[in-house]
Amino acid sequence: MIVFPAIDLKAGQVVRLAEGDMDRATIYGDNPAAQATIFAEAGAGFLHVVDLDGSFAGRAENREAVEAIVEVFPGHVQLGGGIRDAKAVEGWFNLGVSRVVMGSAALKDPEFVKQMAKEWENGIVVAVDARDGMVATEGWAEVSDVPVRDLARRFEDAGVASLLFTDIGRDGLLKGCNIDATVELARSVDIPVIASGGVKGLDDIRMLAVHAEDGIEGVITGRALYEGKLDLAAAIQMAERA
């Protein structure tokens, strides 16, 4: 199982939001590349980076910060936030991003996302972000009437690399990951699932790792790392033993 330390970008700064609310942002630094280096030195081989401003704008808003992260991080960078057309997808892959995360586009133009998954083998991750079980888009500002499982199943046999499942009601709150919902989703589809939202410590990593064979590919963690609640090196070691 992979541990993805998260770097969320807002106006060029490293932040974490509470429940996806841009007005509830905690700033943890103003040098994203330095933060990426810290995670690499702790043993991370993967990063999850989000252009938060881009999620709302529908276009890249923190490009310089992402470029700096890709330049210094020796592993794989997974990027999301406002990536909604072929030109943007191609541009990020050409820059050196390993995976592109698509959420709003997956709900509103699934055929486009499937096309990208065919063109960029193992490069497209579909975000299925849930608020009360329903898919949320546009930086989580809009909640649809589509259940998470229904959206996920639209992409079976489409060639997407993974599903990124986030329980918005837990995100950034250190409440603990929604293990049950994540495992239920993983068991209901043939696509690997990445857990996100609410990780508060090693117990979350351990419980998710137990279900690696059910299709849990990885877990994203942010605030727990920044607040010192979770040791990244220990989390990676635990996940690798799975």
# chains A, B, ... in the order shown; residues from 1 in each chain; ligands from 1
>>> select_by_dssp(residues="region 27-60 of chain A", states="alpha helix (DSSP H)", output="PyMOL selection string")
chain A and resi 32-41+52-57
>>> write_last_selection(atoms="N, CA and C atoms", output="JSON list (two decimals), in the first residue's frame")
[["chain", "number", "residue", "atom", "x", "y", "z"],
["A", 32, "PRO", "N", 6.65, 25.22, -1.22],
["A", 32, "PRO", "CA", 6.18, 23.87, -1.54],
["A", 32, "PRO", "C", 7.30, 22.91, -1.93],
["A", 33, "ALA", "N", 8.30, 23.40, -2.64],
["A", 33, "ALA", "CA", 9.41, 22.53, -3.05],
["A", 33, "ALA", "C", 10.18, 22.03, -1.83],
["A", 34, "ALA", "N", 10.38, 22.90, -0.84],
["A", 34, "ALA", "CA", 11.06, 22.49, 0.38],
["A", 34, "ALA", "C", 10.25, 21.43, 1.12],
["A", 35, "GLN", "N", 8.93, 21.58, 1.12],
["A", 35, "GLN", "CA", 8.09, 20.57, 1.77],
["A", 35, "GLN", "C", 8.18, 19.23, 1.05],
["A", 36, "ALA", "N", 8.23, 19.27, -0.27],
["A", 36, "ALA", "CA", 8.38, 18.04, -1.05],
["A", 36, "ALA", "C", 9.69, 17.35, -0.71],
["A", 37, "THR", "N", 10.74, 18.13, -0.53],
["A", 37, "THR", "CA", 12.04, 17.57, -0.17],
["A", 37, "THR", "C", 12.00, 16.91, 1.20],
["A", 38, "ILE", "N", 11.32, 17.54, 2.14],
["A", 38, "ILE", "CA", 11.16, 16.96, 3.48],
["A", 38, "ILE", "C", 10.47, 15.60, 3.40],
["A", 39, "PHE", "N", 9.43, 15.51, 2.62],
["A", 39, "PHE", "CA", 8.72, 14.24, 2.47],
["A", 39, "PHE", "C", 9.60, 13.19, 1.79],
["A", 40, "ALA", "N", 10.38, 13.61, 0.81],
["A", 40, "ALA", "CA", 11.28, 12.67, 0.13],
["A", 40, "ALA", "C", 12.33, 12.13, 1.10],
["A", 41, "GLU", "N", 12.85, 13.00, 1.94],
["A", 41, "GLU", "CA", 13.87, 12.58, 2.90],
["A", 41, "GLU", "C", 13.32, 11.62, 3.95],
["A", 52, "LEU", "N", -5.47, 23.92, -5.29],
["A", 52, "LEU", "CA", -6.80, 24.25, -4.76],
["A", 52, "LEU", "C", -7.45, 25.39, -5.52],
["A", 53, "ASP", "N", -6.67, 26.42, -5.82],
["A", 53, "ASP", "CA", -7.21, 27.55, -6.59],
["A", 53, "ASP", "C", -7.68, 27.07, -7.95],
["A", 54, "GLY", "N", -6.92, 26.16, -8.54],
["A", 54, "GLY", "CA", -7.29, 25.62, -9.83],
["A", 54, "GLY", "C", -8.58, 24.83, -9.81],
["A", 55, "SER", "N", -8.87, 24.19, -8.67],
["A", 55, "SER", "CA", -10.10, 23.42, -8.55],
["A", 55, "SER", "C", -11.33, 24.29, -8.75],
["A", 56, "PHE", "N", -11.26, 25.52, -8.27],
["A", 56, "PHE", "CA", -12.38, 26.45, -8.41],
["A", 56, "PHE", "C", -12.35, 27.19, -9.74],
["A", 57, "ALA", "N", -11.14, 27.49, -10.22],
["A", 57, "ALA", "CA", -11.00, 28.27, -11.44],
["A", 57, "ALA", "C", -11.15, 27.43, -12.70]]
>>> residues_around(residues="Ala11 (chain A)", least_positions_apart="2", cutoff="7 Å", atoms="only C-alpha atoms", output="list in words")
Leu9, Gln13 and Asn62 of chain A
>>> atom_distance(atom1="CA of Val189 (chain A)", atom2="CA of Gly176 (chain A)")
23.2 Å
>>> select_by_dssp(residues="region 20-182 of chain A", states="strand (DSSP E or B)", output="ChimeraX atom specification")
/A:21-29,46-51,76-80,99-102,124-131,134-137,142-147,162-167
>>> residues_around(residues="Ile179 (chain A)", least_positions_apart="6", cutoff="8 Å", atoms="only C-alpha atoms", output="mmCIF file with N, CA and C atoms, in the first residue's frame")
data_model
loop_
_atom_site.group_PDB
_atom_site.id
_atom_site.type_symbol
_atom_site.label_atom_id
_atom_site.label_comp_id
_atom_site.auth_asym_id
_atom_site.auth_seq_id
_atom_site.Cartn_x
_atom_site.Cartn_y
_atom_site.Cartn_z
ATOM 1 N N ASP A 204 -5.077 4.464 11.405
ATOM 2 C CA ASP A 204 -5.734 4.541 10.104
ATOM 3 C C ASP A 204 -4.931 3.793 9.045
ATOM 4 N N MET A 207 -5.280 -0.020 9.652
ATOM 5 C CA MET A 207 -6.585 -0.572 9.287
ATOM 6 C C MET A 207 -6.785 -0.613 7.773
ATOM 7 N N LEU A 208 -6.288 0.392 7.078
ATOM 8 C CA LEU A 208 -6.394 0.373 5.623
ATOM 9 C C LEU A 208 -5.487 -0.693 5.027
#
>>> atom_distance(atom1="CA of Lys200 (chain A)", atom2="CA of Phe4 (chain A)")
14.0 Å
>>> residues_around(residues="region 110-126 of chain A", least_positions_apart="4", cutoff="8 Å", atoms="only C-alpha atoms", output="ChimeraX atom specification")
/A:86,89,98-103,105-106,154-155,158-164
>>> decode(residues="region 135-220 of chain A", atoms="C-alpha atoms", output="PDB file, in the first residue's frame")
ATOM      1  CA  VAL A 135     -20.436  13.075  -5.536  1.00  0.00           C
ATOM      2  CA  ALA A 136     -19.215  16.655  -5.055  1.00  0.00           C
ATOM      3  CA  THR A 137     -17.437  18.679  -7.749  1.00  0.00           C
ATOM      4  CA  GLU A 138     -16.037  22.148  -8.529  1.00  0.00           C
ATOM      5  CA  GLY A 139     -13.647  22.105  -5.590  1.00  0.00           C
ATOM      6  CA  TRP A 140     -16.379  20.362  -3.552  1.00  0.00           C
ATOM      7  CA  ALA A 141     -18.551  23.471  -3.820  1.00  0.00           C
ATOM      8  CA  GLU A 142     -21.300  21.629  -5.721  1.00  0.00           C
ATOM      9  CA  VAL A 143     -22.977  18.405  -4.618  1.00  0.00           C
ATOM     10  CA  SER A 144     -24.576  16.250  -7.293  1.00  0.00           C
ATOM     11  CA  ASP A 145     -27.357  13.679  -7.077  1.00  0.00           C
ATOM     12  CA  VAL A 146     -25.008  10.901  -8.236  1.00  0.00           C
ATOM     13  CA  PRO A 147     -24.029   8.261  -5.644  1.00  0.00           C
ATOM     14  CA  VAL A 148     -20.302   7.608  -5.326  1.00  0.00           C
ATOM     15  CA  ARG A 149     -20.575   3.959  -6.325  1.00  0.00           C
ATOM     16  CA  ASP A 150     -22.525   4.811  -9.495  1.00  0.00           C
ATOM     17  CA  LEU A 151     -19.844   7.234 -10.652  1.00  0.00           C
ATOM     18  CA  ALA A 152     -17.074   4.769  -9.851  1.00  0.00           C
ATOM     19  CA  ARG A 153     -18.694   1.980 -11.837  1.00  0.00           C
ATOM     20  CA  ARG A 154     -18.876   4.162 -14.951  1.00  0.00           C
ATOM     21  CA  PHE A 155     -15.104   3.840 -15.233  1.00  0.00           C
ATOM     22  CA  GLU A 156     -14.707   0.099 -14.890  1.00  0.00           C
ATOM     23  CA  ASP A 157     -12.818  -1.302 -17.905  1.00  0.00           C
ATOM     24  CA  ALA A 158     -11.970   2.283 -18.942  1.00  0.00           C
ATOM     25  CA  GLY A 159      -8.266   1.988 -18.125  1.00  0.00           C
ATOM     26  CA  VAL A 160      -8.129   4.461 -15.252  1.00  0.00           C
ATOM     27  CA  ALA A 161      -5.277   3.816 -12.844  1.00  0.00           C
ATOM     28  CA  SER A 162      -7.176   4.344  -9.593  1.00  0.00           C
ATOM     29  CA  LEU A 163     -10.165   5.867  -7.865  1.00  0.00           C
ATOM     30  CA  LEU A 164      -9.442   8.542  -5.280  1.00  0.00           C
ATOM     31  CA  PHE A 165     -12.170   8.416  -2.638  1.00  0.00           C
ATOM     32  CA  THR A 166     -12.458  11.313  -0.199  1.00  0.00           C
ATOM     33  CA  ASP A 167     -14.999  11.646   2.594  1.00  0.00           C
ATOM     34  CA  ILE A 168     -15.316  15.441   2.554  1.00  0.00           C
ATOM     35  CA  GLY A 169     -16.960  15.567   5.962  1.00  0.00           C
ATOM     36  CA  ARG A 170     -13.755  14.215   7.505  1.00  0.00           C
ATOM     37  CA  ASP A 171     -11.160  15.926   5.345  1.00  0.00           C
ATOM     38  CA  GLY A 172      -8.701  18.031   7.311  1.00  0.00           C
ATOM     39  CA  LEU A 173     -10.412  17.349  10.627  1.00  0.00           C
ATOM     40  CA  LEU A 174      -8.315  14.474  12.026  1.00  0.00           C
ATOM     41  CA  LYS A 175     -11.487  12.479  12.690  1.00  0.00           C
ATOM     42  CA  GLY A 176     -10.094   9.252  11.312  1.00  0.00           C
ATOM     43  CA  CYS A 177     -10.470   7.847   7.822  1.00  0.00           C
ATOM     44  CA  ASN A 178     -13.849   6.443   6.792  1.00  0.00           C
ATOM     45  CA  ILE A 179     -12.559   2.885   6.600  1.00  0.00           C
ATOM     46  CA  ASP A 180     -15.934   1.219   6.100  1.00  0.00           C
ATOM     47  CA  ALA A 181     -17.015   3.380   3.158  1.00  0.00           C
ATOM     48  CA  THR A 182     -13.594   3.131   1.521  1.00  0.00           C
ATOM     49  CA  VAL A 183     -13.443  -0.650   1.786  1.00  0.00           C
ATOM     50  CA  GLU A 184     -17.041  -0.985   0.617  1.00  0.00           C
ATOM     51  CA  LEU A 185     -16.209   1.034  -2.510  1.00  0.00           C
ATOM     52  CA  ALA A 186     -13.040  -0.971  -3.156  1.00  0.00           C
ATOM     53  CA  ARG A 187     -14.949  -4.235  -2.928  1.00  0.00           C
ATOM     54  CA  SER A 188     -17.676  -3.014  -5.279  1.00  0.00           C
ATOM     55  CA  VAL A 189     -15.411  -2.111  -8.207  1.00  0.00           C
ATOM     56  CA  ASP A 190     -12.455  -3.636 -10.023  1.00  0.00           C
ATOM     57  CA  ILE A 191     -10.405  -0.422  -9.868  1.00  0.00           C
ATOM     58  CA  PRO A 192      -7.831   0.155  -7.093  1.00  0.00           C
ATOM     59  CA  VAL A 193      -8.961   2.728  -4.523  1.00  0.00           C
ATOM     60  CA  ILE A 194      -6.923   5.420  -2.777  1.00  0.00           C
ATOM     61  CA  ALA A 195      -8.329   6.521   0.584  1.00  0.00           C
ATOM     62  CA  SER A 196      -8.404  10.146   1.624  1.00  0.00           C
ATOM     63  CA  GLY A 197      -9.961  12.346   4.256  1.00  0.00           C
ATOM     64  CA  GLY A 198      -9.537  12.409   8.022  1.00  0.00           C
ATOM     65  CA  VAL A 199      -6.394  10.342   8.590  1.00  0.00           C
ATOM     66  CA  LYS A 200      -5.313  11.035  12.158  1.00  0.00           C
ATOM     67  CA  GLY A 201      -2.583   8.523  12.955  1.00  0.00           C
ATOM     68  CA  LEU A 202      -0.979   5.128  12.459  1.00  0.00           C
ATOM     69  CA  ASP A 203      -4.187   3.281  13.320  1.00  0.00           C
ATOM     70  CA  ASP A 204      -5.734   4.541  10.104  1.00  0.00           C
ATOM     71  CA  ILE A 205      -2.746   3.319   8.110  1.00  0.00           C
ATOM     72  CA  ARG A 206      -2.844  -0.066   9.829  1.00  0.00           C
ATOM     73  CA  MET A 207      -6.585  -0.572   9.287  1.00  0.00           C
ATOM     74  CA  LEU A 208      -6.394   0.373   5.623  1.00  0.00           C
ATOM     75  CA  ALA A 209      -3.346  -1.842   5.093  1.00  0.00           C
ATOM     76  CA  VAL A 210      -5.330  -4.800   6.413  1.00  0.00           C
ATOM     77  CA  HIS A 211      -7.650  -4.302   3.444  1.00  0.00           C
ATOM     78  CA  ALA A 212      -4.972  -3.940   0.780  1.00  0.00           C
ATOM     79  CA  GLU A 213      -6.126  -7.216  -0.779  1.00  0.00           C
ATOM     80  CA  ASP A 214      -9.643  -5.785  -1.052  1.00  0.00           C
ATOM     81  CA  GLY A 215      -8.315  -3.201  -3.488  1.00  0.00           C
ATOM     82  CA  ILE A 216      -6.978  -0.407  -1.285  1.00  0.00           C
ATOM     83  CA  GLU A 217      -4.006   0.878  -3.267  1.00  0.00           C
ATOM     84  CA  GLY A 218      -2.985   3.750  -1.034  1.00  0.00           C
ATOM     85  CA  VAL A 219      -3.872   6.491   1.401  1.00  0.00           C
ATOM     86  CA  ILE A 220      -3.419  10.257   1.292  1.00  0.00           C
TER      87      ILE A 220
END
